[in-house]
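entry_16.pdb follows (PDB, C-alpha atoms and all ligand atoms):
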```pdb
ATOM      1  CA  MET A1382      96.020  77.983  63.419  1.00  0.00           C
ATOM      2  CA  SER A1383      98.205  80.706  64.937  1.00  0.00           C
ATOM      3  CA  ASP A1384      97.933  81.968  68.464  1.00  0.00           C
ATOM      4  CA  SER A1385      96.588  85.419  69.204  1.00  0.00           C
ATOM      5  CA  PRO A1386      99.349  88.020  69.503  1.00  0.00           C
ATOM      6  CA  ARG A1387     100.260  88.825  73.091  1.00  0.00           C
ATOM      7  CA  GLY A1388      97.974  91.384  74.613  1.00  0.00           C
ATOM      8  CA  ASP A1389      95.276  90.760  72.015  1.00  0.00           C
ATOM      9  CA  THR A1390      92.806  89.111  74.342  1.00  0.00           C
ATOM     10  CA  PRO A1391      89.923  87.704  72.336  1.00  0.00           C
ATOM     11  CA  ALA A1392      86.442  88.413  73.649  1.00  0.00           C
ATOM     12  CA  PRO A1393      84.945  85.484  75.533  1.00  0.00           C
ATOM     13  CA  HIS A1394      83.214  83.212  73.040  1.00  0.00           C
ATOM     14  CA  HIS A1395      79.842  83.997  74.576  1.00  0.00           C
ATOM     15  CA  ALA A1396      80.210  87.794  74.451  1.00  0.00           C
ATOM     16  CA  LEU A1397      77.832  89.410  71.996  1.00  0.00           C
ATOM     17  CA  PRO A1398      79.415  91.413  69.151  1.00  0.00           C
ATOM     18  CA  TRP A1399      77.148  94.433  69.571  1.00  0.00           C
ATOM     19  CA  GLY A1400      78.801  96.226  66.659  1.00  0.00           C
ATOM     20  CA  GLU A1401      77.376  93.523  64.380  1.00  0.00           C
ATOM     21  CA  ILE A1402      73.845  93.659  65.800  1.00  0.00           C
ATOM     22  CA  ASP A1403      71.164  96.180  64.757  1.00  0.00           C
ATOM     23  CA  THR A1404      67.990  94.390  65.776  1.00  0.00           C
ATOM     24  CA  VAL A1405      67.232  92.517  68.994  1.00  0.00           C
ATOM     25  CA  LEU A1406      64.252  90.169  68.907  1.00  0.00           C
ATOM     26  CA  LEU A1407      63.029  89.391  72.398  1.00  0.00           C
ATOM     27  CA  ASP A1408      60.700  86.744  73.716  1.00  0.00           C
ATOM     28  CA  MET A1409      58.391  87.784  76.567  1.00  0.00           C
ATOM     29  CA  ASP A1410      57.565  84.932  78.986  1.00  0.00           C
ATOM     30  CA  GLY A1411      60.690  83.360  80.473  1.00  0.00           C
ATOM     31  CA  THR A1412      62.969  85.911  78.772  1.00  0.00           C
ATOM     32  CA  LEU A1413      61.889  89.448  79.700  1.00  0.00           C
ATOM     33  CA  LEU A1414      59.319  88.322  82.264  1.00  0.00           C
ATOM     34  CA  ASP A1415      59.717  85.690  84.960  1.00  0.00           C
ATOM     35  CA  LEU A1416      58.109  82.407  83.883  1.00  0.00           C
ATOM     36  CA  ASP A1417      57.057  81.939  87.508  1.00  0.00           C
ATOM     37  CA  PHE A1418      53.656  83.486  86.725  1.00  0.00           C
ATOM     38  CA  ASP A1419      52.948  81.172  83.784  1.00  0.00           C
ATOM     39  CA  ALA A1420      54.196  78.080  85.615  1.00  0.00           C
ATOM     40  CA  ARG A1421      52.031  78.868  88.627  1.00  0.00           C
ATOM     41  CA  PHE A1422      49.047  79.443  86.374  1.00  0.00           C
ATOM     42  CA  TRP A1423      49.289  76.412  84.092  1.00  0.00           C
ATOM     43  CA  LYS A1424      50.672  73.894  86.593  1.00  0.00           C
ATOM     44  CA  GLU A1425      48.838  74.875  89.770  1.00  0.00           C
ATOM     45  CA  HIS A1426      46.140  77.529  89.584  1.00  0.00           C
ATOM     46  CA  PHE A1427      44.378  76.645  86.338  1.00  0.00           C
ATOM     47  CA  PRO A1428      44.203  72.855  86.947  1.00  0.00           C
ATOM     48  CA  GLN A1429      42.816  73.500  90.431  1.00  0.00           C
ATOM     49  CA  ARG A1430      40.191  75.966  89.170  1.00  0.00           C
ATOM     50  CA  TYR A1431      39.298  73.670  86.251  1.00  0.00           C
ATOM     51  CA  VAL A1432      38.583  70.851  88.700  1.00  0.00           C
ATOM     52  CA  GLU A1433      36.358  73.216  90.690  1.00  0.00           C
ATOM     53  CA  LEU A1434      34.561  74.675  87.674  1.00  0.00           C
ATOM     54  CA  SER A1435      34.019  71.368  85.864  1.00  0.00           C
ATOM     55  CA  GLY A1436      33.077  69.256  88.864  1.00  0.00           C
ATOM     56  CA  LEU A1437      35.064  66.439  87.229  1.00  0.00           C
ATOM     57  CA  ALA A1438      36.979  64.089  89.476  1.00  0.00           C
ATOM     58  CA  GLU A1439      40.547  65.328  89.737  1.00  0.00           C
ATOM     59  CA  PRO A1440      42.171  62.388  87.860  1.00  0.00           C
ATOM     60  CA  GLU A1441      39.703  62.795  84.965  1.00  0.00           C
ATOM     61  CA  ALA A1442      40.205  66.581  84.847  1.00  0.00           C
ATOM     62  CA  MET A1443      43.985  66.233  84.932  1.00  0.00           C
ATOM     63  CA  ALA A1444      43.932  63.580  82.206  1.00  0.00           C
ATOM     64  CA  ARG A1445      41.966  65.938  79.931  1.00  0.00           C
ATOM     65  CA  LEU A1446      44.332  68.822  80.619  1.00  0.00           C
ATOM     66  CA  ASN A1447      47.476  66.752  80.179  1.00  0.00           C
ATOM     67  CA  ALA A1448      46.235  65.290  76.896  1.00  0.00           C
ATOM     68  CA  ARG A1449      45.825  68.836  75.582  1.00  0.00           C
ATOM     69  CA  PHE A1450      49.162  70.012  76.973  1.00  0.00           C
ATOM     70  CA  GLU A1451      51.027  67.145  75.347  1.00  0.00           C
ATOM     71  CA  GLY A1452      49.069  66.979  72.095  1.00  0.00           C
ATOM     72  CA  LEU A1453      49.431  70.640  71.201  1.00  0.00           C
ATOM     73  CA  ARG A1454      52.959  71.395  72.398  1.00  0.00           C
ATOM     74  CA  GLY A1455      54.743  73.815  70.067  1.00  0.00           C
ATOM     75  CA  GLN A1456      51.553  74.645  68.152  1.00  0.00           C
ATOM     76  CA  LEU A1457      49.775  77.967  68.120  1.00  0.00           C
ATOM     77  CA  ALA A1458      46.659  76.361  69.648  1.00  0.00           C
ATOM     78  CA  TRP A1459      48.681  75.490  72.760  1.00  0.00           C
ATOM     79  CA  TYR A1460      49.120  79.215  73.355  1.00  0.00           C
ATOM     80  CA  CYS A1461      45.595  80.204  72.305  1.00  0.00           C
ATOM     81  CA  LEU A1462      43.253  81.069  75.159  1.00  0.00           C
ATOM     82  CA  ASP A1463      40.272  80.979  72.778  1.00  0.00           C
ATOM     83  CA  ASP A1464      41.099  77.395  71.827  1.00  0.00           C
ATOM     84  CA  TRP A1465      41.529  76.433  75.462  1.00  0.00           C
ATOM     85  CA  HIS A1466      38.170  78.012  76.169  1.00  0.00           C
ATOM     86  CA  ARG A1467      36.467  76.197  73.283  1.00  0.00           C
ATOM     87  CA  ALA A1468      37.952  72.867  74.394  1.00  0.00           C
ATOM     88  CA  LEU A1469      37.261  73.108  78.104  1.00  0.00           C
ATOM     89  CA  ALA A1470      34.267  75.415  78.604  1.00  0.00           C
ATOM     90  CA  PRO A1471      31.751  72.653  77.704  1.00  0.00           C
ATOM     91  CA  ASP A1472      33.078  70.679  80.711  1.00  0.00           C
ATOM     92  CA  CYS A1473      32.409  73.576  83.043  1.00  0.00           C
ATOM     93  CA  ARG A1474      29.189  74.242  84.893  1.00  0.00           C
ATOM     94  CA  ASN A1475      30.153  77.860  85.444  1.00  0.00           C
ATOM     95  CA  GLU A1476      31.693  80.397  83.084  1.00  0.00           C
ATOM     96  CA  LEU A1477      35.312  79.586  82.217  1.00  0.00           C
ATOM     97  CA  ASP A1478      37.111  82.935  81.870  1.00  0.00           C
ATOM     98  CA  LEU A1479      40.824  82.283  81.459  1.00  0.00           C
ATOM     99  CA  ILE A1480      41.865  85.909  81.690  1.00  0.00           C
ATOM    100  CA  ALA A1481      39.840  86.364  84.876  1.00  0.00           C
ATOM    101  CA  LEU A1482      41.591  83.282  86.282  1.00  0.00           C
ATOM    102  CA  LYS A1483      44.968  84.684  85.218  1.00  0.00           C
ATOM    103  CA  ARG A1484      44.123  87.993  86.805  1.00  0.00           C
ATOM    104  CA  GLU A1485      43.794  86.186  90.151  1.00  0.00           C
ATOM    105  CA  LEU A1486      47.564  85.590  89.965  1.00  0.00           C
ATOM    106  CA  ALA A1487      48.592  88.883  88.327  1.00  0.00           C
ATOM    107  CA  HIS A1488      50.639  89.950  91.357  1.00  0.00           C
ATOM    108  CA  HIS A1489      53.181  87.305  90.258  1.00  0.00           C
ATOM    109  CA  ILE A1490      53.843  89.044  86.905  1.00  0.00           C
ATOM    110  CA  ARG A1491      57.303  90.625  87.079  1.00  0.00           C
ATOM    111  CA  TYR A1492      60.441  91.379  85.083  1.00  0.00           C
ATOM    112  CA  ARG A1493      63.427  89.058  85.128  1.00  0.00           C
ATOM    113  CA  HIS A1494      66.512  90.592  86.720  1.00  0.00           C
ATOM    114  CA  GLY A1495      67.943  93.643  84.955  1.00  0.00           C
ATOM    115  CA  VAL A1496      65.373  93.780  82.157  1.00  0.00           C
ATOM    116  CA  PRO A1497      64.311  97.465  82.358  1.00  0.00           C
ATOM    117  CA  ASP A1498      67.949  98.660  82.290  1.00  0.00           C
ATOM    118  CA  PHE A1499      68.814  96.126  79.569  1.00  0.00           C
ATOM    119  CA  LEU A1500      66.046  97.491  77.343  1.00  0.00           C
ATOM    120  CA  GLU A1501      66.998 101.097  78.116  1.00  0.00           C
ATOM    121  CA  ARG A1502      70.613 100.405  77.141  1.00  0.00           C
ATOM    122  CA  LEU A1503      69.597  98.712  73.893  1.00  0.00           C
ATOM    123  CA  GLY A1504      67.398 101.691  73.059  1.00  0.00           C
ATOM    124  CA  ALA A1505      70.106 104.229  73.917  1.00  0.00           C
ATOM    125  CA  ALA A1506      72.547 102.332  71.690  1.00  0.00           C
ATOM    126  CA  GLY A1507      70.114 102.582  68.795  1.00  0.00           C
ATOM    127  CA  LYS A1508      69.201  98.916  68.613  1.00  0.00           C
ATOM    128  CA  GLN A1509      65.769  98.072  67.269  1.00  0.00           C
ATOM    129  CA  ARG A1510      63.954  96.302  70.164  1.00  0.00           C
ATOM    130  CA  VAL A1511      61.245  93.951  68.968  1.00  0.00           C
ATOM    131  CA  LEU A1512      59.023  91.697  71.051  1.00  0.00           C
ATOM    132  CA  VAL A1513      58.236  88.372  69.375  1.00  0.00           C
ATOM    133  CA  THR A1514      55.800  86.328  71.425  1.00  0.00           C
ATOM    134  CA  ASN A1515      53.603  83.254  71.201  1.00  0.00           C
ATOM    135  CA  ALA A1516      51.537  84.558  74.103  1.00  0.00           C
ATOM    136  CA  HIS A1517      47.868  85.190  73.381  1.00  0.00           C
ATOM    137  CA  PRO A1518      47.130  88.922  72.854  1.00  0.00           C
ATOM    138  CA  ALA A1519      44.849  88.972  75.913  1.00  0.00           C
ATOM    139  CA  SER A1520      47.707  87.579  78.010  1.00  0.00           C
ATOM    140  CA  VAL A1521      50.064  90.215  76.592  1.00  0.00           C
ATOM    141  CA  ASP A1522      47.557  92.928  77.538  1.00  0.00           C
ATOM    142  CA  LEU A1523      47.292  91.558  81.078  1.00  0.00           C
ATOM    143  CA  LYS A1524      51.076  91.539  81.459  1.00  0.00           C
ATOM    144  CA  PHE A1525      51.388  95.061  80.074  1.00  0.00           C
ATOM    145  CA  GLU A1526      49.022  96.210  82.829  1.00  0.00           C
ATOM    146  CA  ARG A1527      51.583  95.028  85.392  1.00  0.00           C
ATOM    147  CA  VAL A1528      54.942  95.916  83.747  1.00  0.00           C
ATOM    148  CA  ASP A1529      55.733  98.981  81.654  1.00  0.00           C
ATOM    149  CA  LEU A1530      57.129  96.866  78.847  1.00  0.00           C
ATOM    150  CA  SER A1531      55.443  98.490  75.860  1.00  0.00           C
ATOM    151  CA  ALA A1532      57.241 101.801  76.557  1.00  0.00           C
ATOM    152  CA  ARG A1533      60.602  99.993  76.361  1.00  0.00           C
ATOM    153  CA  LEU A1534      59.997  98.304  72.997  1.00  0.00           C
ATOM    154  CA  ASP A1535      59.991  99.607  69.433  1.00  0.00           C
ATOM    155  CA  ARG A1536      57.766  96.961  67.859  1.00  0.00           C
ATOM    156  CA  LEU A1537      55.644  94.002  68.922  1.00  0.00           C
ATOM    157  CA  PHE A1538      54.784  90.925  66.851  1.00  0.00           C
ATOM    158  CA  ASN A1539      52.343  88.349  68.109  1.00  0.00           C
ATOM    159  CA  ALA A1540      52.301  84.811  66.706  1.00  0.00           C
ATOM    160  CA  HIS A1541      48.496  84.785  66.831  1.00  0.00           C
ATOM    161  CA  GLU A1542      48.353  87.825  64.548  1.00  0.00           C
ATOM    162  CA  ILE A1543      51.116  86.453  62.321  1.00  0.00           C
ATOM    163  CA  GLY A1544      49.269  83.128  62.110  1.00  0.00           C
ATOM    164  CA  ALA A1545      52.116  80.781  63.055  1.00  0.00           C
ATOM    165  CA  ALA A1546      54.013  79.952  66.244  1.00  0.00           C
ATOM    166  CA  LYS A1547      57.714  80.842  66.550  1.00  0.00           C
ATOM    167  CA  GLU A1548      58.492  77.116  66.392  1.00  0.00           C
ATOM    168  CA  SER A1549      57.342  77.204  62.746  1.00  0.00           C
ATOM    169  CA  PRO A1550      59.406  78.483  59.793  1.00  0.00           C
ATOM    170  CA  ARG A1551      56.305  80.387  58.654  1.00  0.00           C
ATOM    171  CA  PHE A1552      56.542  82.739  61.653  1.00  0.00           C
ATOM    172  CA  TRP A1553      59.994  83.949  60.588  1.00  0.00           C
ATOM    173  CA  GLU A1554      59.092  84.208  56.914  1.00  0.00           C
ATOM    174  CA  ARG A1555      56.043  86.313  57.731  1.00  0.00           C
ATOM    175  CA  LEU A1556      57.951  88.425  60.263  1.00  0.00           C
ATOM    176  CA  ALA A1557      60.454  89.299  57.539  1.00  0.00           C
ATOM    177  CA  GLU A1558      57.575  90.526  55.358  1.00  0.00           C
ATOM    178  CA  GLN A1559      56.385  92.888  58.092  1.00  0.00           C
ATOM    179  CA  LEU A1560      59.598  94.028  59.839  1.00  0.00           C
ATOM    180  CA  HIS A1561      62.670  95.547  58.264  1.00  0.00           C
ATOM    181  CA  PHE A1562      65.644  93.634  59.650  1.00  0.00           C
ATOM    182  CA  ASP A1563      68.803  91.944  58.418  1.00  0.00           C
ATOM    183  CA  PRO A1564      68.881  88.366  59.814  1.00  0.00           C
ATOM    184  CA  ASP A1565      72.675  88.479  59.628  1.00  0.00           C
ATOM    185  CA  ARG A1566      72.703  91.486  62.003  1.00  0.00           C
ATOM    186  CA  THR A1567      69.967  90.299  64.348  1.00  0.00           C
ATOM    187  CA  LEU A1568      69.975  88.736  67.814  1.00  0.00           C
ATOM    188  CA  LEU A1569      67.114  86.583  69.136  1.00  0.00           C
ATOM    189  CA  VAL A1570      66.885  85.962  72.885  1.00  0.00           C
ATOM    190  CA  ASP A1571      64.340  83.258  73.753  1.00  0.00           C
ATOM    191  CA  ASP A1572      63.965  80.525  76.381  1.00  0.00           C
ATOM    192  CA  ASN A1573      62.262  78.319  73.763  1.00  0.00           C
ATOM    193  CA  LEU A1574      64.959  76.159  72.141  1.00  0.00           C
ATOM    194  CA  VAL A1575      62.652  74.998  69.341  1.00  0.00           C
ATOM    195  CA  ALA A1576      61.932  78.620  68.428  1.00  0.00           C
ATOM    196  CA  LEU A1577      65.667  79.386  68.480  1.00  0.00           C
ATOM    197  CA  ALA A1578      66.290  76.471  66.109  1.00  0.00           C
ATOM    198  CA  ALA A1579      63.565  77.683  63.725  1.00  0.00           C
ATOM    199  CA  ALA A1580      65.068  81.190  63.789  1.00  0.00           C
ATOM    200  CA  GLU A1581      68.515  79.748  63.115  1.00  0.00           C
ATOM    201  CA  ASP A1582      67.155  77.773  60.146  1.00  0.00           C
ATOM    202  CA  PHE A1583      65.680  81.012  58.834  1.00  0.00           C
ATOM    203  CA  GLY A1584      69.103  82.645  59.019  1.00  0.00           C
ATOM    204  CA  ILE A1585      69.080  84.700  62.204  1.00  0.00           C
ATOM    205  CA  ARG A1586      72.730  84.805  63.114  1.00  0.00           C
ATOM    206  CA  HIS A1587      72.961  85.621  66.813  1.00  0.00           C
ATOM    207  CA  LEU A1588      70.979  83.375  69.139  1.00  0.00           C
ATOM    208  CA  ARG A1589      70.850  83.201  72.912  1.00  0.00           C
ATOM    209  CA  ALA A1590      68.786  81.072  75.292  1.00  0.00           C
ATOM    210  CA  ILE A1591      67.958  81.601  78.987  1.00  0.00           C
ATOM    211  CA  THR A1592      69.251  79.239  81.664  1.00  0.00           C
ATOM    212  CA  LEU A1593      66.726  80.158  84.361  1.00  0.00           C
ATOM    213  CA  PRO A1594      63.452  81.317  82.758  1.00  0.00           C
ATOM    214  CA  ASN A1595      61.569  80.608  85.994  1.00  0.00           C
ATOM    215  CA  SER A1596      63.164  82.095  89.100  1.00  0.00           C
ATOM    216  CA  ARG A1597      61.532  79.342  91.170  1.00  0.00           C
ATOM    217  CA  GLY A1598      62.422  76.572  88.693  1.00  0.00           C
ATOM    218  CA  GLU A1599      65.429  74.449  87.842  1.00  0.00           C
ATOM    219  CA  PRO A1600      68.184  75.668  85.477  1.00  0.00           C
ATOM    220  CA  MET A1601      67.714  74.507  81.874  1.00  0.00           C
ATOM    221  CA  ASP A1602      70.318  72.901  79.649  1.00  0.00           C
ATOM    222  CA  THR A1603      70.276  75.323  76.715  1.00  0.00           C
ATOM    223  CA  ALA A1604      72.535  73.295  74.380  1.00  0.00           C
ATOM    224  CA  PRO A1605      73.172  73.668  71.520  1.00  0.00           C
ATOM    225  CA  PHE A1606      72.557  77.373  72.184  1.00  0.00           C
ATOM    226  CA  LEU A1607      74.594  79.685  74.383  1.00  0.00           C
ATOM    227  CA  ALA A1608      72.699  81.392  77.171  1.00  0.00           C
ATOM    228  CA  LEU A1609      72.343  85.088  77.927  1.00  0.00           C
ATOM    229  CA  ASP A1610      71.919  84.981  81.681  1.00  0.00           C
ATOM    230  CA  ASP A1611      73.093  88.373  82.873  1.00  0.00           C
ATOM    231  CA  PHE A1612      71.409  91.120  80.877  1.00  0.00           C
ATOM    232  CA  LEU A1613      73.316  93.855  82.737  1.00  0.00           C
ATOM    233  CA  ALA A1614      76.769  92.325  82.266  1.00  0.00           C
ATOM    234  CA  ALA A1615      75.983  91.617  78.601  1.00  0.00           C
ATOM    235  CA  THR A1616      75.220  95.304  77.963  1.00  0.00           C
ATOM    236  CA  SER A1617      77.765  96.893  80.307  1.00  0.00           C
ATOM    237  CA  ALA A1618      80.073  97.779  77.411  1.00  0.00           C
ATOM    238  CA  LEU A1619      77.277  98.914  75.111  1.00  0.00           C
ATOM    239  CA  ALA A1620      77.863 102.593  74.401  1.00  0.00           C
ATOM    240  CA  PRO A1621      74.968 105.006  73.841  1.00  0.00           C
ATOM    241  CA  ARG A1622      74.735 106.054  70.226  1.00  0.00           C
TER     242      ARG A1622
HETATM  243 MG    MG A1701      59.348  82.165  76.449  1.00  0.00          MG
END
```
Is it possible to express this structure as structure tokens?
Ligand SMILES: [Mg+2]
Amino acid sequence: MSDSPRGDTPAPHHALPWGEIDTVLLDMDGTLLDLDFDARFWKEHFPQRYVELSGLAEPEAMARLNARFEGLRGQLAWYCLDDWHRALAPDCRNELDLIALKRELAHHIRYRHGVPDFLERLGAAGKQRVLVTNAHPASVDLKFERVDLSARLDRLFNAHEIGAAKESPRFWERLAEQLHFDPDRTLLVDDNLVALAAAEDFGIRHLRAITLPNSRGEPMDTAPFLALDDFLAATSALAPR
């Protein structure tokens, strides 16, 4: 292998080749939005309210929740508020309304750093900006009440409408039937490493993870994927079309 000629500084290996990217597929929770809200809800608020609503002893309530968390990980049902309702409402003496419970924490819904400008720059450069999310449609609606995300996106695809989670090859096959994009000229940014692997298997060429999906959480090891941690730096050289 020969060395680069003097003065021909190669781009850092993690820099995105924007000239080779037409479509940017973007996850919502933990990528565009701070996962803090979801972590607070599922780890703290919801278990506490489930104990109150069910009247179960806390160890019994937590065992039921944890069994569901672990058993359904990576499946569409894990993300489905209707399924959660069906599974847990019979335990509850009072109405179990997951969206109402989420709404109690809605003040924690916020963008990750630099996201509005990042999306504006992608749009100005003519990139197709597409949300791909496993979040339940009612959760998406709640988040869109708090952040003006829909105005900054060109398309939105929800795993519940597609009928498969992003962790499944079926999601990507069905997405390709509904969205015009060239996998070889597409970037996916997602904090879900299993979803990134499924997208890679499908043939999506440019893949980036997120090191700190939750601003209050611990940094994640994103290997084998590179991380896109600074949305503003990553798009600083992106020229408007
Ligand atoms: Mg995510």
Show me which residues sit within 8 Å of ligand MG 1701 (chain A) when counting all atoms listed in the file, and put them as number ranges by chain.
A: 1408-1412, 1416, 1514-1515, 1571-1573, 1594
Wanna dump the region 1486-1521 of chain A-region 1457-1460 of chain A contacts at 12 Å for me, each residue with its shortest atom pair and the distance in Å to one decimal, counting only C-alpha atoms, ordered by chain and number, as a Markdown table?
```
| residue | atom | partner | partner_atom | distance |
| --- | --- | --- | --- | --- |
| A:Thr1514 | CA | A:Tyr1460 | CA | 9.9 |
| A:Asn1515 | CA | A:Tyr1460 | CA | 6.4 |
| A:Ala1516 | CA | A:Tyr1460 | CA | 5.9 |
| A:His1517 | CA | A:Tyr1460 | CA | 6.1 |
| A:Pro1518 | CA | A:Tyr1460 | CA | 9.9 |
| A:Ala1519 | CA | A:Tyr1460 | CA | 11.0 |
| A:Ser1520 | CA | A:Tyr1460 | CA | 9.7 |
| A:Val1521 | CA | A:Tyr1460 | CA | 11.5 |
```
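The smallest atom-to-atom distance between Asp1403 (chain A) and any of A:Ser1596, A:Gln1509, A:Gln1559, A:Asn1539, using all atoms listed in the file, is found for A:Gln1509.
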Residue members of the PyMOL selection byres (((chain A and resi 1497-1501) around 7) and not hetatm) in the file shown, as a VMD selection string:
chain A and resid 1495 to 1496 1502 to 1505 1533 1612 to 1613 1616
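Residue nearest Leu1609 (chain A) within the list A:Lys1483, A:Arg1449, A:His1587, A:His1561: A:His1587 [criterion: smallest interatomic distance, only C-alpha atoms].
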Across A:Ala1576, A:Leu1479, A:Leu1437, A:Leu1607, the smallest distance to Ala1590 (chain A), with only C-alpha atoms counted, is shown by A:Leu1607
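If you measure from each of A:Asp1417, A:Glu1581, A:Asp1563, A:Asp1464 to His1489 (chain A) using all atoms listed in the file, the closest one turns out to be A:Asp1417.
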